[in-house]
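Beneath this line is the structure, given in structure tokens, with notes to follow.
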Amino acid sequence: MKNIHCLIFSILLIIANSSCKKFLQTLPTSGPTNDNYWQSVTDCETAIAGAYSLLRVSLTQPGNTVGTLYSGRSMKHYVLQDLRCGSYITSTGSPASYGMSYIGTSSMYSSDYNLGFGDWTKDYQTIADCNLILEKVATMTDAQLSEASDPVAYRNKILGEALFIRAYTYFTMVQYWGDVPLVTTYYDDVLNALQLPRTNKDSVLSLVESDCLSAVDKLDWPSSYSSSQLAVRATKGSVYALLANLYLWEGTVHELSSTANDLTLINKAGAYIDTVINSNQYTLIDTANYLSAYAGNSKESIFEINMLSTDNEGTQYHYALSFLQGTPYAPTLTTSPYFYYNPGLLGTIFSAADTLVDIRYKHGFYYDKRTSTYRLVPLKYSTLTYPSSTSTTTVVVNNNMVVYRLEALKLLKAEVDIYNGDYASALDILNANRKRNGYSTALTLPTSNVYVTMIKYYMTERVKECFFEGTLFNDMIRTKAFGSSYSSYFTSWMTSSIYDEGGYYLPIYPNLFLNNPYLVQNNYYLGKI
């Protein structure tokens with residue numbers, strides 16, 4: 001998927017025939033028709049490349065003010081996950097409080113948030129492309145797809161990928177906002193399309209489920225893909241991983257103020273996790289080469305977003321550069337990083353004994369010794385290149401963005417076991433993860449029959465394994481690892497009261513209300529924004 005193809009097609013679709021309703025966008029659209037497309041395999045490849053490109057844009061968009069202040073290196077996927085848990089500090093040692101990091105305080109209403117991360121326009125542009133592809137490709141003839149060795153299988157593959165991208169986008173939107181407008185139809189006349197209210201999140205998640213179940217029958221396992229397509233194109237494994245995350249979310253974050261979990265849904269998640277693990281399609285990387293899991297097209301990755309500069313997909317606006325700028329990684333950008341990992345969080349997660357043995361600590365962080373206090377820089381996305389031979393001021397991150405990978409999925413199975421009260425099986429998974437990452441038998445987690453203790457064990461290992469992968473906030477919300485029992489572990493602003501009021505959802509960008517009188521704000525934010 002070369003950048004030029006993605007750009008041309010994406011711009012054409014957004015300007016010309018986006019299936020987004022006008023209330024979903026902050027700018028009107030108009031333009032020519034696309035009747036000259038949908039004639040060949042090449043058109044299909046360009047179309048699906050555009051959808052993947054827009055998915056990347058929706059996950060990596062910066063907040064406006066934050067983007068201006070920090071050269072656009074804010075990237076929604078990470079800010080709305082790790083930063084909201086208080087994972088980062090600034091170079092001055094203070095908590096990174098912009099955006100949504102301290103919900104419930106005045107900073108959450110800053111322009112940094114409202115001008116960027118509450119805007120779902122990019123998400124609906126991704127959905128628009130998928131709706132268009134689903135309508136057009138379904139009607140393409142075998143003759144038009146004759147370049148493919150099996151036109152039927154090829155048609156199904158493109159449809160399956162579009163279904164997966166749409167399902168993943170809607171799933172992340174529900175996790176961010178709860179109820180969202182549901183758009184599944186392609187409209188020729190965007191400007192006269194009906195405005196829609198928000199749809200109940202359960203109905204949206206039902207579409208996610210049905211899209212996944214349809215997609216999984218249309219897609220193959222990764223063994224049928226080329227090495228360059230590994231993990232960056234949706235496969236059966238990608239869909240099963242999404243289904244596992246969907247059912248785990250539904251089973252734990254089902255109703256506001258509900259403390260009960262739905263074990264039927266949770267066990268569905270466990271079954272899909274087992275399907276991926278038992279498929280033998282994915283291989284854990286050797287932790288001796290720890291950072292290779294993030295280099296791109298890893299055999300451990302189940303799904304990732306292509307951001308390799310070698311594929312012309314690299315970016316100089318990657319969130320990692322807010323940590324890596326300065327010596328020794330990008331000395332031409334500035335003197336020191338803007339962000340570091342929060343020493344309070346990492347000091348709890350990685351004990352003194354952990355720092356001596358844990359491969360993730362020793363190879364996943366750089367210890368900045370220029371200051372007298374604890375300063376840790378994450379290295380998961382630290383393969384940097386200088387695309388210009390004549391300039392050293394443009395630095396590009398050459399790593400793919402990992403979304404789902406095998407070891408992280410295996411840890412989710414430990415979460416399933418804990419909810420079922422099978423603490424022995426959960427401990428086996430957690431201790432196997434520790435052993436793989438350098439821990440000796442002497443450092444095995446002790447047996448416990450206490451639920452809170454097991455959740456602490458689990459979340460501690462989850463943070464060690466998945467830091468800087470954009471999962472931490474959702475992990476915390478599913479496990480409800482907040483409040484007095486976990487106060488020394490994770491964010492201090494989330495309380496049971498805020499949770500029960502739906503305060504873990506994001507407020508909707510106020511400008512979206514201008515063109516749609518049917519939208520309503522999330523209850524927790526009424527009168528606050």
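Naming works like this for the structure tokens: A, B, ... for the chains as they're shown, residue 1 at the start of each chain, ligands 1 onward in shown order.
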Proximity of segment 205-295 of chain A to segment 392-412 of chain A: per-residue shortest pair, 7 Å limit, only C-alpha atoms, as JSON lines:
```
{"residue": "A:Ala241", "atom": "CA", "partner": "A:Tyr404", "partner_atom": "CA", "distance": 6.9}
{"residue": "A:Ile273", "atom": "CA", "partner": "A:Leu409", "partner_atom": "CA", "distance": 6.7}
{"residue": "A:Tyr282", "atom": "CA", "partner": "A:Leu406", "partner_atom": "CA", "distance": 6.7}
{"residue": "A:Leu284", "atom": "CA", "partner": "A:Leu406", "partner_atom": "CA", "distance": 6.8}
{"residue": "A:Tyr294", "atom": "CA", "partner": "A:Asn399", "partner_atom": "CA", "distance": 6.2}
{"residue": "A:Ala295", "atom": "CA", "partner": "A:Asn399", "partner_atom": "CA", "distance": 5.0}
```
- Query: Looking only at the backbone, which of the residues in segment 342-511 of chain A does DSSP tag as strand (DSSP E or B), as an NGL selection string?
  - Reply: :A and (365-367 or 376-378 or 384-385 or 396-397 or 401-405)
- Which residue gives the smallest distance to Thr264 of chain A among A:Val239, A:Val416, A:Ala153, A:Val208, with only C-alpha atoms counted? A:Val416
- Item | Of the listed residues A:Tyr187, A:Glu465, A:Pro337, A:Arg233, that which approaches Tyr290 of chain A most closely, counting only C-alpha atoms |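 Among A:Tyr187, A:Glu465, A:Pro337, A:Arg233, it is A:Glu465 that comes nearest to Tyr290 of chain A.
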- Task: List every residue of segment 182-249 of chain A that DSSP, applied to the backbone of this structure, assigns to alpha helix (DSSP H), and report them as number ranges by chain.
- Result: A: 201-216, 236-249
Store the residues picked out above in a file with N, CA and C atoms, as an mmCIF file, in the first residue's frame.
```
data_model
loop_
_atom_site.group_PDB
_atom_site.id
_atom_site.type_symbol
_atom_site.label_atom_id
_atom_site.label_comp_id
_atom_site.auth_asym_id
_atom_site.auth_seq_id
_atom_site.Cartn_x
_atom_site.Cartn_y
_atom_site.Cartn_z
ATOM 1 N N LYS A 201 -25.306 2.098 22.153
ATOM 2 C CA LYS A 201 -24.031 1.388 21.962
ATOM 3 C C LYS A 201 -24.218 -0.110 21.776
ATOM 4 N N ASP A 202 -25.256 -0.688 22.376
ATOM 5 C CA ASP A 202 -25.480 -2.126 22.210
ATOM 6 C C ASP A 202 -25.789 -2.471 20.757
ATOM 7 N N SER A 203 -26.537 -1.592 20.087
ATOM 8 C CA SER A 203 -26.836 -1.823 18.671
ATOM 9 C C SER A 203 -25.594 -1.668 17.814
ATOM 10 N N VAL A 204 -24.755 -0.700 18.170
ATOM 11 C CA VAL A 204 -23.513 -0.505 17.420
ATOM 12 C C VAL A 204 -22.610 -1.715 17.591
ATOM 13 N N LEU A 205 -22.511 -2.223 18.818
ATOM 14 C CA LEU A 205 -21.675 -3.395 19.065
ATOM 15 C C LEU A 205 -22.252 -4.645 18.396
ATOM 16 N N SER A 206 -23.557 -4.677 18.215
ATOM 17 C CA SER A 206 -24.161 -5.793 17.471
ATOM 18 C C SER A 206 -23.707 -5.773 16.020
ATOM 19 N N LEU A 207 -23.591 -4.555 15.455
ATOM 20 C CA LEU A 207 -23.068 -4.449 14.092
ATOM 21 C C LEU A 207 -21.609 -4.895 14.052
ATOM 22 N N VAL A 208 -20.816 -4.489 15.045
ATOM 23 C CA VAL A 208 -19.423 -4.915 15.107
ATOM 24 C C VAL A 208 -19.347 -6.435 15.101
ATOM 25 N N GLU A 209 -20.176 -7.060 15.907
ATOM 26 C CA GLU A 209 -20.197 -8.526 15.972
ATOM 27 C C GLU A 209 -20.573 -9.137 14.625
ATOM 28 N N SER A 210 -21.642 -8.630 14.011
ATOM 29 C CA SER A 210 -22.097 -9.212 12.743
ATOM 30 C C SER A 210 -21.082 -8.970 11.628
ATOM 31 N N ASP A 211 -20.455 -7.800 11.613
ATOM 32 C CA ASP A 211 -19.410 -7.530 10.622
ATOM 33 C C ASP A 211 -18.258 -8.517 10.780
ATOM 34 N N CYS A 212 -17.874 -8.766 12.034
ATOM 35 C CA CYS A 212 -16.767 -9.693 12.285
ATOM 36 C C CYS A 212 -17.125 -11.107 11.861
ATOM 37 N N LEU A 213 -18.313 -11.557 12.215
ATOM 38 C CA LEU A 213 -18.713 -12.923 11.886
ATOM 39 C C LEU A 213 -18.827 -13.107 10.376
ATOM 40 N N SER A 214 -19.204 -12.040 9.661
ATOM 41 C CA SER A 214 -19.244 -12.108 8.204
ATOM 42 C C SER A 214 -17.835 -12.077 7.632
ATOM 43 N N ALA A 215 -16.977 -11.228 8.204
ATOM 44 C CA ALA A 215 -15.616 -11.077 7.693
ATOM 45 C C ALA A 215 -14.794 -12.344 7.866
ATOM 46 N N VAL A 216 -14.974 -13.036 8.993
ATOM 47 C CA VAL A 216 -14.107 -14.179 9.284
ATOM 48 C C VAL A 216 -14.305 -15.300 8.272
ATOM 49 N N LYS A 236 -8.152 -13.781 9.252
ATOM 50 C CA LYS A 236 -9.023 -14.427 10.238
ATOM 51 C C LYS A 236 -8.552 -14.110 11.656
ATOM 52 N N GLY A 237 -7.243 -14.160 11.865
ATOM 53 C CA GLY A 237 -6.716 -13.897 13.199
ATOM 54 C C GLY A 237 -7.040 -12.499 13.681
ATOM 55 N N SER A 238 -6.962 -11.505 12.791
ATOM 56 C CA SER A 238 -7.314 -10.131 13.158
ATOM 57 C C SER A 238 -8.760 -10.057 13.632
ATOM 58 N N VAL A 239 -9.637 -10.728 12.904
ATOM 59 C CA VAL A 239 -11.064 -10.691 13.246
ATOM 60 C C VAL A 239 -11.321 -11.404 14.567
ATOM 61 N N TYR A 240 -10.685 -12.568 14.770
ATOM 62 C CA TYR A 240 -10.865 -13.279 16.035
ATOM 63 C C TYR A 240 -10.352 -12.453 17.207
ATOM 64 N N ALA A 241 -9.241 -11.745 17.018
ATOM 65 C CA ALA A 241 -8.709 -10.890 18.084
ATOM 66 C C ALA A 241 -9.678 -9.757 18.398
ATOM 67 N N LEU A 242 -10.285 -9.183 17.363
ATOM 68 C CA LEU A 242 -11.277 -8.132 17.578
ATOM 69 C C LEU A 242 -12.498 -8.689 18.305
ATOM 70 N N LEU A 243 -12.959 -9.861 17.894
ATOM 71 C CA LEU A 243 -14.101 -10.478 18.580
ATOM 72 C C LEU A 243 -13.797 -10.742 20.055
ATOM 73 N N ALA A 244 -12.585 -11.203 20.346
ATOM 74 C CA ALA A 244 -12.197 -11.454 21.734
ATOM 75 C C ALA A 244 -12.260 -10.165 22.540
ATOM 76 N N ASN A 245 -11.715 -9.081 21.981
ATOM 77 C CA ASN A 245 -11.745 -7.803 22.680
ATOM 78 C C ASN A 245 -13.167 -7.265 22.804
ATOM 79 N N LEU A 246 -13.977 -7.479 21.777
ATOM 80 C CA LEU A 246 -15.376 -7.045 21.817
ATOM 81 C C LEU A 246 -16.123 -7.726 22.951
ATOM 82 N N TYR A 247 -16.059 -9.059 23.019
ATOM 83 C CA TYR A 247 -16.819 -9.790 24.036
ATOM 84 C C TYR A 247 -16.288 -9.513 25.440
ATOM 85 N N LEU A 248 -14.983 -9.302 25.559
ATOM 86 C CA LEU A 248 -14.423 -8.991 26.875
ATOM 87 C C LEU A 248 -14.906 -7.619 27.337
ATOM 88 N N TRP A 249 -14.968 -6.666 26.411
ATOM 89 C CA TRP A 249 -15.491 -5.336 26.742
ATOM 90 C C TRP A 249 -16.968 -5.405 27.108
#
```
- Query: Using only C-alpha atoms, which residue out of A:Leu324, A:Ala424, A:Leu472, A:Ile158 lies closest to Val450 of chain A?
  - Reply: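 Smallest separation from Val450 of chain A among the options: A:Ala424.
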- Selection: 12 Å around Tyr486 of chain A, only C-alpha atoms, excl. self and same-chain fewer than 3 positions, as a PyMOL selection string: chain A and resi 345+348-349+452-457+459-460+476+479-483+489-496
